[in-house]
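Here is the file query-v6.pdb (PDB, C-alpha atoms).
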```
ATOM      1  CA  MET B 979      -1.317 -16.757  -8.260
ATOM      2  CA  ILE B 980      -0.800 -14.981  -4.942
ATOM      3  CA  LYS B 981      -1.645 -11.309  -5.262
ATOM      4  CA  LYS B 982       0.208  -8.604  -3.350
ATOM      5  CA  ILE B 983      -0.685  -4.918  -3.384
ATOM      6  CA  LYS B 984       1.571  -2.241  -1.894
ATOM      7  CA  ARG B 985      -0.008   0.981  -0.650
ATOM      8  CA  LEU B 986       1.112   3.937   1.428
ATOM      9  CA  LYS B 987       0.067   3.933   5.070
ATOM     10  CA  LYS B 988       0.327   7.721   5.347
ATOM     11  CA  PRO B 989       1.617  10.679   3.297
ATOM     12  CA  SER B 990       5.353  11.244   2.959
ATOM     13  CA  THR B 991       7.208  14.492   2.207
ATOM     14  CA  ILE B 992      10.894  15.037   1.448
ATOM     15  CA  GLU B 993      12.891  18.066   0.311
ATOM     16  CA  PHE B 994      16.314  18.633  -1.234
ATOM     17  CA  ILE B 995      18.226  21.245  -3.207
ATOM     18  CA  GLU B 996      19.778  20.591  -6.601
ATOM     19  CA  LYS B 997      21.870  23.444  -8.032
ATOM     20  CA  LYS B 998      19.899  26.030  -6.049
ATOM     21  CA  SER B 999      16.513  24.656  -7.152
ATOM     22  CA  THR B1000      14.401  23.322  -4.282
ATOM     23  CA  PHE B1001      12.496  20.103  -4.909
ATOM     24  CA  ILE B1002       9.707  18.945  -2.607
ATOM     25  CA  GLY B1003       8.433  15.398  -3.113
ATOM     26  CA  TYR B1004       5.042  14.461  -1.719
ATOM     27  CA  SER B1005       3.498  10.977  -1.892
ATOM     28  CA  THR B1006       0.076   9.867  -0.682
ATOM     29  CA  PHE B1007      -2.497   7.101  -1.034
ATOM     30  CA  VAL B1008      -5.465   7.856  -3.305
ATOM     31  CA  GLU B1009      -8.643   5.807  -3.608
ATOM     32  CA  ASN B1010      -9.711   7.110  -7.009
ATOM     33  CA  GLU B1011      -8.945   9.664  -9.708
ATOM     34  CA  GLU B1012     -11.279  12.273  -8.201
ATOM     35  CA  MET B1013      -9.331  12.131  -4.945
ATOM     36  CA  ALA B1014      -6.027  12.438  -6.813
ATOM     37  CA  LEU B1015      -7.192  15.501  -8.754
ATOM     38  CA  GLU B1016      -8.478  17.166  -5.585
ATOM     39  CA  ILE B1017      -5.132  16.682  -3.815
ATOM     40  CA  ILE B1018      -3.269  18.012  -6.865
ATOM     41  CA  LYS B1019      -5.510  21.086  -6.748
ATOM     42  CA  GLN B1020      -4.731  21.542  -3.059
ATOM     43  CA  LYS B1021      -0.989  21.186  -3.624
ATOM     44  CA  LYS B1022      -1.020  23.741  -6.433
ATOM     45  CA  LYS B1023      -2.796  26.143  -4.103
ATOM     46  CA  GLU B1024      -0.378  25.404  -1.249
ATOM     47  CA  PHE B1025       2.624  25.982  -3.522
ATOM     48  CA  GLN B1026       1.108  28.557  -5.856
ATOM     49  CA  ASP B1027       4.362  30.542  -5.806
ATOM     50  CA  ALA B1028       6.377  27.531  -7.015
ATOM     51  CA  THR B1029       7.785  27.343 -10.545
ATOM     52  CA  HIS B1030       6.314  23.893 -11.216
ATOM     53  CA  ASN B1031       4.026  21.374  -9.522
ATOM     54  CA  VAL B1032       4.673  18.164 -11.418
ATOM     55  CA  TYR B1033       2.614  15.077 -10.652
ATOM     56  CA  ALA B1034       1.918  11.470 -11.526
ATOM     57  CA  TYR B1035      -0.476   8.910 -10.136
ATOM     58  CA  VAL B1036      -1.303   5.245 -10.548
ATOM     59  CA  ILE B1037      -4.683   3.840  -9.506
ATOM     60  CA  GLY B1038      -5.435   0.151  -9.837
ATOM     61  CA  GLU B1039      -4.190  -1.595 -12.962
ATOM     62  CA  ASN B1040      -5.683   0.676 -15.598
ATOM     63  CA  ILE B1041      -5.197   4.319 -14.576
ATOM     64  CA  ALA B1042      -1.840   6.092 -14.900
ATOM     65  CA  ARG B1043      -1.578   9.844 -15.471
ATOM     66  CA  TYR B1044       1.172  12.458 -15.301
ATOM     67  CA  SER B1045       1.868  16.136 -15.988
ATOM     68  CA  ASP B1046       5.112  18.000 -16.717
ATOM     69  CA  ASP B1047       3.443  21.253 -15.581
ATOM     70  CA  GLY B1048       5.541  23.421 -17.882
ATOM     71  CA  GLU B1049       8.833  21.525 -17.701
ATOM     72  CA  PRO B1050      10.231  20.246 -21.029
ATOM     73  CA  GLN B1051       8.253  17.256 -22.240
ATOM     74  CA  GLY B1052       9.441  13.931 -20.814
ATOM     75  CA  THR B1053      11.743  15.470 -18.187
ATOM     76  CA  ALA B1054       9.398  15.606 -15.189
ATOM     77  CA  GLY B1055       6.031  13.842 -15.144
ATOM     78  CA  MET B1056       7.234  10.670 -16.852
ATOM     79  CA  PRO B1057      10.238  10.223 -14.524
ATOM     80  CA  VAL B1058       7.858  10.590 -11.564
ATOM     81  CA  LEU B1059       5.514   8.007 -13.077
ATOM     82  CA  ASN B1060       8.436   5.661 -13.722
ATOM     83  CA  ALA B1061       9.515   6.009 -10.076
ATOM     84  CA  ILE B1062       6.033   4.952  -8.992
ATOM     85  CA  ARG B1063       6.094   1.946 -11.308
ATOM     86  CA  MET B1064       9.535   0.892 -10.116
ATOM     87  CA  SER B1065       8.393   1.085  -6.487
ATOM     88  CA  GLY B1066       5.534  -1.329  -7.158
ATOM     89  CA  ILE B1067       3.202   0.851  -5.086
ATOM     90  CA  SER B1068      -0.402   1.152  -6.261
ATOM     91  CA  ASP B1069      -3.167   3.692  -5.648
ATOM     92  CA  VAL B1070      -0.644   6.454  -5.124
ATOM     93  CA  LEU B1071      -0.145  10.082  -6.108
ATOM     94  CA  VAL B1072       3.232  11.821  -6.196
ATOM     95  CA  VAL B1073       3.523  15.595  -6.528
ATOM     96  CA  VAL B1074       6.970  17.120  -6.977
ATOM     97  CA  THR B1075       7.148  20.870  -6.437
ATOM     98  CA  ARG B1076      10.082  22.850  -7.814
ATOM     99  CA  TYR B1077      11.275  26.308  -6.897
ATOM    100  CA  PHE B1078      13.697  27.379  -9.646
ATOM    101  CA  GLY B1079      17.013  28.557  -8.269
ATOM    102  CA  GLY B1080      18.377  30.314 -11.335
ATOM    103  CA  ILE B1081      20.596  27.530 -12.692
ATOM    104  CA  LEU B1082      19.358  25.430 -15.628
ATOM    105  CA  LEU B1083      19.632  21.692 -14.984
ATOM    106  CA  GLY B1084      19.309  20.475 -18.561
ATOM    107  CA  ALA B1085      17.122  17.591 -19.637
ATOM    108  CA  GLY B1086      19.236  14.936 -17.934
ATOM    109  CA  GLY B1087      19.465  16.943 -14.723
ATOM    110  CA  LEU B1088      15.707  17.446 -14.620
ATOM    111  CA  VAL B1089      15.024  13.752 -15.141
ATOM    112  CA  ARG B1090      17.424  12.837 -12.328
ATOM    113  CA  ALA B1091      16.035  15.469  -9.958
ATOM    114  CA  TYR B1092      12.383  14.573 -10.475
ATOM    115  CA  SER B1093      13.160  10.853 -10.319
ATOM    116  CA  THR B1094      15.073  11.363  -7.085
ATOM    117  CA  ALA B1095      12.317  13.463  -5.525
ATOM    118  CA  ALA B1096       9.659  10.877  -6.341
ATOM    119  CA  SER B1097      11.625   7.763  -5.416
ATOM    120  CA  THR B1098      12.966   9.276  -2.176
ATOM    121  CA  SER B1099       9.479  10.305  -1.111
ATOM    122  CA  LEU B1100       8.114   6.827  -1.864
ATOM    123  CA  ASN B1101      11.032   5.039  -0.205
ATOM    124  CA  SER B1102      10.677   7.072   2.983
ATOM    125  CA  ALA B1103       6.978   6.240   3.336
ATOM    126  CA  ASP B1104       5.438   3.537   5.506
ATOM    127  CA  ILE B1105       4.185   0.772   3.220
ATOM    128  CA  LEU B1106       1.266  -1.576   3.732
ATOM    129  CA  VAL B1107       1.399  -4.839   1.805
ATOM    130  CA  TYR B1108      -2.032  -6.268   1.020
ATOM    131  CA  GLU B1109      -2.141  -9.972   0.191
ATOM    132  CA  ASP B1110      -4.634 -12.731  -0.545
ATOM    133  CA  TYR B1111      -6.049 -14.133   2.681
ATOM    134  CA  ARG B1112      -8.360 -17.074   3.317
ATOM    135  CA  VAL B1113     -10.995 -16.638   6.022
ATOM    136  CA  LEU B1114     -11.583 -19.791   8.077
ATOM    137  CA  LYS B1115     -13.844 -20.838  10.922
ATOM    138  CA  ILE B1116     -12.891 -23.241  13.685
ATOM    139  CA  GLU B1117     -14.979 -24.732  16.503
ATOM    140  CA  CYS B1118     -13.112 -26.344  19.371
ATOM    141  CA  SER B1119     -13.441 -27.408  23.004
ATOM    142  CA  TYR B1120     -11.957 -25.417  25.856
ATOM    143  CA  SER B1121      -9.404 -28.184  26.415
ATOM    144  CA  ASP B1122      -8.085 -27.736  22.844
ATOM    145  CA  TYR B1123      -8.130 -23.962  22.881
ATOM    146  CA  GLY B1124      -4.661 -23.397  24.352
ATOM    147  CA  LYS B1125      -2.907 -25.525  21.773
ATOM    148  CA  LEU B1126      -5.023 -24.085  18.977
ATOM    149  CA  SER B1127      -4.158 -20.523  20.052
ATOM    150  CA  THR B1128      -0.473 -21.395  19.758
ATOM    151  CA  GLU B1129      -0.997 -22.716  16.229
ATOM    152  CA  LEU B1130      -2.917 -19.563  15.226
ATOM    153  CA  ALA B1131      -0.136 -17.360  16.593
ATOM    154  CA  THR B1132       2.432 -19.378  14.644
ATOM    155  CA  VAL B1133       0.758 -18.473  11.329
ATOM    156  CA  ASP B1134       0.138 -14.864  12.405
ATOM    157  CA  ALA B1135      -3.628 -15.214  12.032
ATOM    158  CA  ILE B1136      -5.930 -12.189  11.994
ATOM    159  CA  ILE B1137      -8.733 -12.956  14.458
ATOM    160  CA  ASP B1138     -12.075 -11.596  13.243
ATOM    161  CA  GLU B1139     -14.457 -13.117  15.782
ATOM    162  CA  SER B1140     -14.230 -15.179  18.970
ATOM    163  CA  ASP B1141     -17.333 -16.726  20.535
ATOM    164  CA  PHE B1142     -16.866 -18.350  23.947
ATOM    165  CA  SER B1143     -20.047 -20.275  24.702
ATOM    166  CA  ASP B1144     -20.509 -24.047  25.120
ATOM    167  CA  ASN B1145     -17.699 -24.520  22.620
ATOM    168  CA  ILE B1146     -15.301 -21.925  21.252
ATOM    169  CA  LYS B1147     -15.891 -20.596  17.756
ATOM    170  CA  ILE B1148     -13.164 -18.569  16.049
ATOM    171  CA  VAL B1149     -13.272 -16.818  12.687
ATOM    172  CA  PHE B1150      -9.839 -15.806  11.429
ATOM    173  CA  ALA B1151      -7.820 -15.038   8.300
ATOM    174  CA  ILE B1152      -4.439 -16.380   7.222
ATOM    175  CA  LYS B1153      -2.369 -15.831   4.099
ATOM    176  CA  GLU B1154      -3.649 -17.797   1.129
ATOM    177  CA  GLU B1155      -0.195 -19.206   0.386
ATOM    178  CA  ILE B1156      -0.137 -21.170   3.668
ATOM    179  CA  ALA B1157      -3.856 -21.908   4.041
ATOM    180  CA  ASP B1158      -3.898 -25.436   2.607
ATOM    181  CA  ALA B1159      -0.917 -26.539   4.683
ATOM    182  CA  PHE B1160      -2.459 -25.005   7.813
ATOM    183  CA  VAL B1161      -5.777 -26.802   7.335
ATOM    184  CA  SER B1162      -3.968 -30.125   6.880
ATOM    185  CA  SER B1163      -1.752 -29.483   9.892
ATOM    186  CA  ILE B1164      -4.655 -28.616  12.224
ATOM    187  CA  THR B1165      -6.631 -31.639  11.065
ATOM    188  CA  ASP B1166      -3.647 -33.898  11.809
ATOM    189  CA  ILE B1167      -2.665 -32.276  15.123
ATOM    190  CA  PHE B1168      -6.146 -32.670  16.552
ATOM    191  CA  ASN B1169      -6.807 -36.055  14.938
ATOM    192  CA  GLY B1170      -9.801 -34.743  12.992
ATOM    193  CA  ARG B1171     -11.549 -33.249  16.036
ATOM    194  CA  ILE B1172     -10.945 -29.804  14.558
ATOM    195  CA  VAL B1173     -11.321 -29.194  10.829
ATOM    196  CA  PRO B1174     -11.128 -25.549   9.665
ATOM    197  CA  LYS B1175     -13.959 -24.545   7.346
ATOM    198  CA  VAL B1176     -13.497 -22.034   4.538
ATOM    199  CA  ILE B1177     -15.767 -18.963   4.676
ATOM    200  CA  GLU B1178     -14.351 -16.674   1.981
ATOM    201  CA  ASN B1179     -11.250 -15.097   0.464
ATOM    202  CA  ARG B1180     -10.251 -11.455   0.841
ATOM    203  CA  ILE B1181      -7.428  -8.968   0.431
ATOM    204  CA  ASP B1182      -5.952  -7.834   3.742
ATOM    205  CA  CYS B1183      -2.745  -6.691   5.403
ATOM    206  CA  LYS B1184      -1.027  -7.069   8.739
TER     207      LYS B1184
END
```
Conversion result in structure tokens:
Amino acid sequence: MIKKIKRLKKPSTIEFIEKKSTFIGYSTFVENEEMALEIIKQKKKEFQDATHNVYAYVIGENIARYSDDGEPQGTAGMPVLNAIRMSGISDVLVVVTRYFGGILLGAGGLVRAYSTAASTSLNSADILVYEDYRVLKIECSYSDYGKLSTELATVDAIIDESDFSDNIKIVFAIKEEIADAFVSSITDIFNGRIVPKVIENRIDCK
């Protein structure tokens, strides 16, 4: 099964007003739970005058945490967590800060507001998609290099190493889902003079 992992490239912040309450949604990549807790601490200090600093984070496949931070149970942290899960983004923390404007939103209003803050922040962020890649090595002559370069560009290969000596040696990565077809194609195009060799598999993005 081809694995894809979505992560944030950089933090994203949005702000909107709902019935005089100001909501600030902040999303960022986190490597681990310690990093998430440290950022939450920083955000609570930054917005220490706010009414609530609600958060949720998902790390890997096993860690998912949230806090209502004083809002009625189930109206804040869980909607933020659900927004993360719906986005499909992993290793991410979302903090939604609220400045109460004097008008009660009710349970439904709170759920909608916190959901909107989280999803809007996530949707406005730059996303990196990490996928399964196969790392291959090719050795070719200088006369074959031009045509080979065209084939590598066609599959959007990530070039790791290029060694121009007596022959040319190239180490590169391509998406796992097209790797078998690419190896067969190169072998046929060059009549067996060039046969890509598998080095390893890895998760990467481009």
Hits from the PyMOL selection byres ((chain B and resi 1139) around 6), listed as a PDB file with C-alpha atoms, in the coordinates of the input:
```pdb
ATOM      1  CA  ILE B1137      -8.733 -12.956  14.458  1.00  0.00           C
ATOM      2  CA  ASP B1138     -12.075 -11.596  13.243  1.00  0.00           C
ATOM      3  CA  SER B1140     -14.230 -15.179  18.970  1.00  0.00           C
ATOM      4  CA  ILE B1148     -13.164 -18.569  16.049  1.00  0.00           C
ATOM      5  CA  VAL B1149     -13.272 -16.818  12.687  1.00  0.00           C
TER       6      VAL B1149
END
```
Can you turn the PyMOL selection byres ((chain B and resi 1084-1096) around 8) into a concrete residue list for this file, as an MDAnalysis selection string?
chainID B and resid 992:994 996 1001:1005 1050 1052:1055 1057:1058 1060:1062 1072:1074 1082:1083 1097:1100
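Here atom CA of Ser1045 of chain B is placed at a distance of 12.7 Å from atom CA of Ala1014 of chain B.
Atom CA of Ser1065 of chain B is found 25.9 Å from atom CA of Ile1156 of chain B.
Between atom CA of Asn1101 of chain B and atom CA of Lys982 of chain B the interatomic distance comes to 17.7 Å.
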Leaving out Asn1010 of chain B and any residue of its chain fewer than 4 positions from it, which residues lie within 9 Å of it when counting all atoms listed in the file, given as a ChimeraX atom specification?
/B:1014-1015,1037-1038,1069
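Residues selected in this file by the PyMOL selection byres ((chain B and resi 1134) around 9) comprise Glu1129, Leu1130, Ala1131, Thr1132, Val1133, Ala1135, Ile1136, Ala1151, Ile1152, Lys1153 and Lys1184 of chain B.
Distance annotation: of B:Ser1102, B:Thr1029, B:Ser1068, B:Thr1128, the residue with the minimal separation from Ala1042 of chain B is B:Ser1068; atom set is only C-alpha atoms.
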Under the rule that only C-alpha atoms are counted, which of B:Leu1126, B:Ile1081, B:Ile1164, B:Ile1105 is the nearest residue to Ile995 of chain B?
B:Ile1081
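Shortest separation to Gly1079 of chain B among B:Arg1112, B:Lys1019, B:Lys997, B:His1030 occurs at residue B:Lys997, atoms counted being only C-alpha atoms.
Using only C-alpha atoms, the nearest neighbour of Phe1025 of chain B within the list B:Asn1145, B:Lys1115, B:Arg1076, B:Pro989 is B:Arg1076.
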With N, CA, C and O atoms as the atom set, please write segment 992-1021 of chain B from the structure just given, as a PDB file, in the first residue's frame.
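Writing the result to part-v3.pdb gives the following:
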```
ATOM      1  N   ILE B 992      -4.894  32.458  11.343  1.00  0.00           N
ATOM      2  CA  ILE B 992      -6.055  33.181  10.797  1.00  0.00           C
ATOM      3  C   ILE B 992      -6.815  33.822  11.964  1.00  0.00           C
ATOM      4  O   ILE B 992      -6.615  33.454  13.132  1.00  0.00           O
ATOM      5  N   GLU B 993      -7.688  34.755  11.652  1.00  0.00           N
ATOM      6  CA  GLU B 993      -8.466  35.429  12.693  1.00  0.00           C
ATOM      7  C   GLU B 993      -9.828  35.824  12.129  1.00  0.00           C
ATOM      8  O   GLU B 993      -9.942  36.241  10.974  1.00  0.00           O
ATOM      9  N   PHE B 994     -10.874  35.680  12.946  1.00  0.00           N
ATOM     10  CA  PHE B 994     -12.191  36.150  12.538  1.00  0.00           C
ATOM     11  C   PHE B 994     -13.010  36.481  13.787  1.00  0.00           C
ATOM     12  O   PHE B 994     -12.635  36.101  14.912  1.00  0.00           O
ATOM     13  N   ILE B 995     -14.099  37.175  13.573  1.00  0.00           N
ATOM     14  CA  ILE B 995     -14.976  37.575  14.679  1.00  0.00           C
ATOM     15  C   ILE B 995     -16.339  36.914  14.504  1.00  0.00           C
ATOM     16  O   ILE B 995     -16.923  36.946  13.421  1.00  0.00           O
ATOM     17  N   GLU B 996     -16.807  36.300  15.571  1.00  0.00           N
ATOM     18  CA  GLU B 996     -18.118  35.659  15.582  1.00  0.00           C
ATOM     19  C   GLU B 996     -18.913  36.221  16.759  1.00  0.00           C
ATOM     20  O   GLU B 996     -18.579  35.965  17.922  1.00  0.00           O
ATOM     21  N   LYS B 997     -19.932  37.022  16.467  1.00  0.00           N
ATOM     22  CA  LYS B 997     -20.763  37.640  17.490  1.00  0.00           C
ATOM     23  C   LYS B 997     -19.902  38.321  18.567  1.00  0.00           C
ATOM     24  O   LYS B 997     -20.050  38.069  19.766  1.00  0.00           O
ATOM     25  N   LYS B 998     -19.012  39.149  18.104  1.00  0.00           N
ATOM     26  CA  LYS B 998     -18.129  39.988  18.924  1.00  0.00           C
ATOM     27  C   LYS B 998     -17.005  39.229  19.633  1.00  0.00           C
ATOM     28  O   LYS B 998     -16.147  39.856  20.273  1.00  0.00           O
ATOM     29  N   SER B 999     -16.994  37.903  19.562  1.00  0.00           N
ATOM     30  CA  SER B 999     -15.866  37.139  20.079  1.00  0.00           C
ATOM     31  C   SER B 999     -14.815  36.998  18.980  1.00  0.00           C
ATOM     32  O   SER B 999     -15.144  36.682  17.839  1.00  0.00           O
ATOM     33  N   THR B1000     -13.565  37.251  19.328  1.00  0.00           N
ATOM     34  CA  THR B1000     -12.469  37.101  18.365  1.00  0.00           C
ATOM     35  C   THR B1000     -11.852  35.714  18.509  1.00  0.00           C
ATOM     36  O   THR B1000     -11.501  35.287  19.609  1.00  0.00           O
ATOM     37  N   PHE B1001     -11.718  35.032  17.378  1.00  0.00           N
ATOM     38  CA  PHE B1001     -11.103  33.713  17.346  1.00  0.00           C
ATOM     39  C   PHE B1001      -9.821  33.783  16.511  1.00  0.00           C
ATOM     40  O   PHE B1001      -9.832  34.292  15.396  1.00  0.00           O
ATOM     41  N   ILE B1002      -8.750  33.267  17.071  1.00  0.00           N
ATOM     42  CA  ILE B1002      -7.463  33.230  16.378  1.00  0.00           C
ATOM     43  C   ILE B1002      -7.038  31.767  16.257  1.00  0.00           C
ATOM     44  O   ILE B1002      -6.825  31.085  17.263  1.00  0.00           O
ATOM     45  N   GLY B1003      -6.946  31.282  15.031  1.00  0.00           N
ATOM     46  CA  GLY B1003      -6.542  29.898  14.794  1.00  0.00           C
ATOM     47  C   GLY B1003      -5.085  29.823  14.380  1.00  0.00           C
ATOM     48  O   GLY B1003      -4.652  30.531  13.468  1.00  0.00           O
ATOM     49  N   TYR B1004      -4.338  28.989  15.046  1.00  0.00           N
ATOM     50  CA  TYR B1004      -2.911  28.830  14.771  1.00  0.00           C
ATOM     51  C   TYR B1004      -2.594  27.359  14.565  1.00  0.00           C
ATOM     52  O   TYR B1004      -2.925  26.509  15.411  1.00  0.00           O
ATOM     53  N   SER B1005      -1.953  27.030  13.460  1.00  0.00           N
ATOM     54  CA  SER B1005      -1.584  25.643  13.148  1.00  0.00           C
ATOM     55  C   SER B1005      -0.092  25.562  12.878  1.00  0.00           C
ATOM     56  O   SER B1005       0.474  26.444  12.227  1.00  0.00           O
ATOM     57  N   THR B1006       0.546  24.488  13.355  1.00  0.00           N
ATOM     58  CA  THR B1006       1.977  24.330  13.129  1.00  0.00           C
ATOM     59  C   THR B1006       2.381  22.860  13.175  1.00  0.00           C
ATOM     60  O   THR B1006       1.727  22.049  13.829  1.00  0.00           O
ATOM     61  N   PHE B1007       3.454  22.538  12.497  1.00  0.00           N
ATOM     62  CA  PHE B1007       4.033  21.196  12.541  1.00  0.00           C
ATOM     63  C   PHE B1007       4.686  20.957  13.892  1.00  0.00           C
ATOM     64  O   PHE B1007       5.311  21.848  14.459  1.00  0.00           O
ATOM     65  N   VAL B1008       4.527  19.754  14.430  1.00  0.00           N
ATOM     66  CA  VAL B1008       5.219  19.363  15.667  1.00  0.00           C
ATOM     67  C   VAL B1008       5.843  17.989  15.479  1.00  0.00           C
ATOM     68  O   VAL B1008       5.218  17.082  14.939  1.00  0.00           O
ATOM     69  N   GLU B1009       7.069  17.837  15.944  1.00  0.00           N
ATOM     70  CA  GLU B1009       7.778  16.565  15.798  1.00  0.00           C
ATOM     71  C   GLU B1009       7.367  15.545  16.853  1.00  0.00           C
ATOM     72  O   GLU B1009       7.357  14.348  16.588  1.00  0.00           O
ATOM     73  N   ASN B1010       7.050  16.039  18.058  1.00  0.00           N
ATOM     74  CA  ASN B1010       6.736  15.142  19.158  1.00  0.00           C
ATOM     75  C   ASN B1010       5.843  15.854  20.167  1.00  0.00           C
ATOM     76  O   ASN B1010       5.546  17.056  20.019  1.00  0.00           O
ATOM     77  N   GLU B1011       5.435  15.129  21.193  1.00  0.00           N
ATOM     78  CA  GLU B1011       4.506  15.692  22.178  1.00  0.00           C
ATOM     79  C   GLU B1011       5.175  16.774  23.015  1.00  0.00           C
ATOM     80  O   GLU B1011       4.526  17.761  23.393  1.00  0.00           O
ATOM     81  N   GLU B1012       6.457  16.621  23.289  1.00  0.00           N
ATOM     82  CA  GLU B1012       7.179  17.649  24.063  1.00  0.00           C
ATOM     83  C   GLU B1012       7.162  18.980  23.330  1.00  0.00           C
ATOM     84  O   GLU B1012       6.962  20.048  23.929  1.00  0.00           O
ATOM     85  N   MET B1013       7.381  18.929  22.018  1.00  0.00           N
ATOM     86  CA  MET B1013       7.362  20.144  21.208  1.00  0.00           C
ATOM     87  C   MET B1013       5.975  20.770  21.209  1.00  0.00           C
ATOM     88  O   MET B1013       5.826  21.995  21.319  1.00  0.00           O
ATOM     89  N   ALA B1014       4.941  19.938  21.104  1.00  0.00           N
ATOM     90  CA  ALA B1014       3.568  20.444  21.118  1.00  0.00           C
ATOM     91  C   ALA B1014       3.258  21.152  22.431  1.00  0.00           C
ATOM     92  O   ALA B1014       2.695  22.262  22.448  1.00  0.00           O
ATOM     93  N   LEU B1015       3.629  20.534  23.546  1.00  0.00           N
ATOM     94  CA  LEU B1015       3.344  21.124  24.859  1.00  0.00           C
ATOM     95  C   LEU B1015       4.105  22.430  25.066  1.00  0.00           C
ATOM     96  O   LEU B1015       3.593  23.358  25.701  1.00  0.00           O
ATOM     97  N   GLU B1016       5.317  22.511  24.534  1.00  0.00           N
ATOM     98  CA  GLU B1016       6.100  23.738  24.667  1.00  0.00           C
ATOM     99  C   GLU B1016       5.460  24.871  23.870  1.00  0.00           C
ATOM    100  O   GLU B1016       5.386  26.010  24.346  1.00  0.00           O
ATOM    101  N   ILE B1017       4.971  24.581  22.677  1.00  0.00           N
ATOM    102  CA  ILE B1017       4.312  25.611  21.863  1.00  0.00           C
ATOM    103  C   ILE B1017       3.005  26.049  22.512  1.00  0.00           C
ATOM    104  O   ILE B1017       2.662  27.237  22.518  1.00  0.00           O
ATOM    105  N   ILE B1018       2.259  25.102  23.074  1.00  0.00           N
ATOM    106  CA  ILE B1018       1.023  25.453  23.787  1.00  0.00           C
ATOM    107  C   ILE B1018       1.338  26.403  24.935  1.00  0.00           C
ATOM    108  O   ILE B1018       0.638  27.408  25.154  1.00  0.00           O
ATOM    109  N   LYS B1019       2.395  26.107  25.666  1.00  0.00           N
ATOM    110  CA  LYS B1019       2.832  26.966  26.774  1.00  0.00           C
ATOM    111  C   LYS B1019       3.151  28.367  26.272  1.00  0.00           C
ATOM    112  O   LYS B1019       2.770  29.376  26.876  1.00  0.00           O
ATOM    113  N   GLN B1020       3.844  28.445  25.145  1.00  0.00           N
ATOM    114  CA  GLN B1020       4.203  29.736  24.569  1.00  0.00           C
ATOM    115  C   GLN B1020       2.968  30.510  24.134  1.00  0.00           C
ATOM    116  O   GLN B1020       2.886  31.732  24.337  1.00  0.00           O
ATOM    117  N   LYS B1021       2.006  29.817  23.525  1.00  0.00           N
ATOM    118  CA  LYS B1021       0.791  30.473  23.067  1.00  0.00           C
ATOM    119  C   LYS B1021      -0.048  30.984  24.236  1.00  0.00           C
ATOM    120  O   LYS B1021      -0.635  32.073  24.178  1.00  0.00           O
TER     121      LYS B1021
END
```
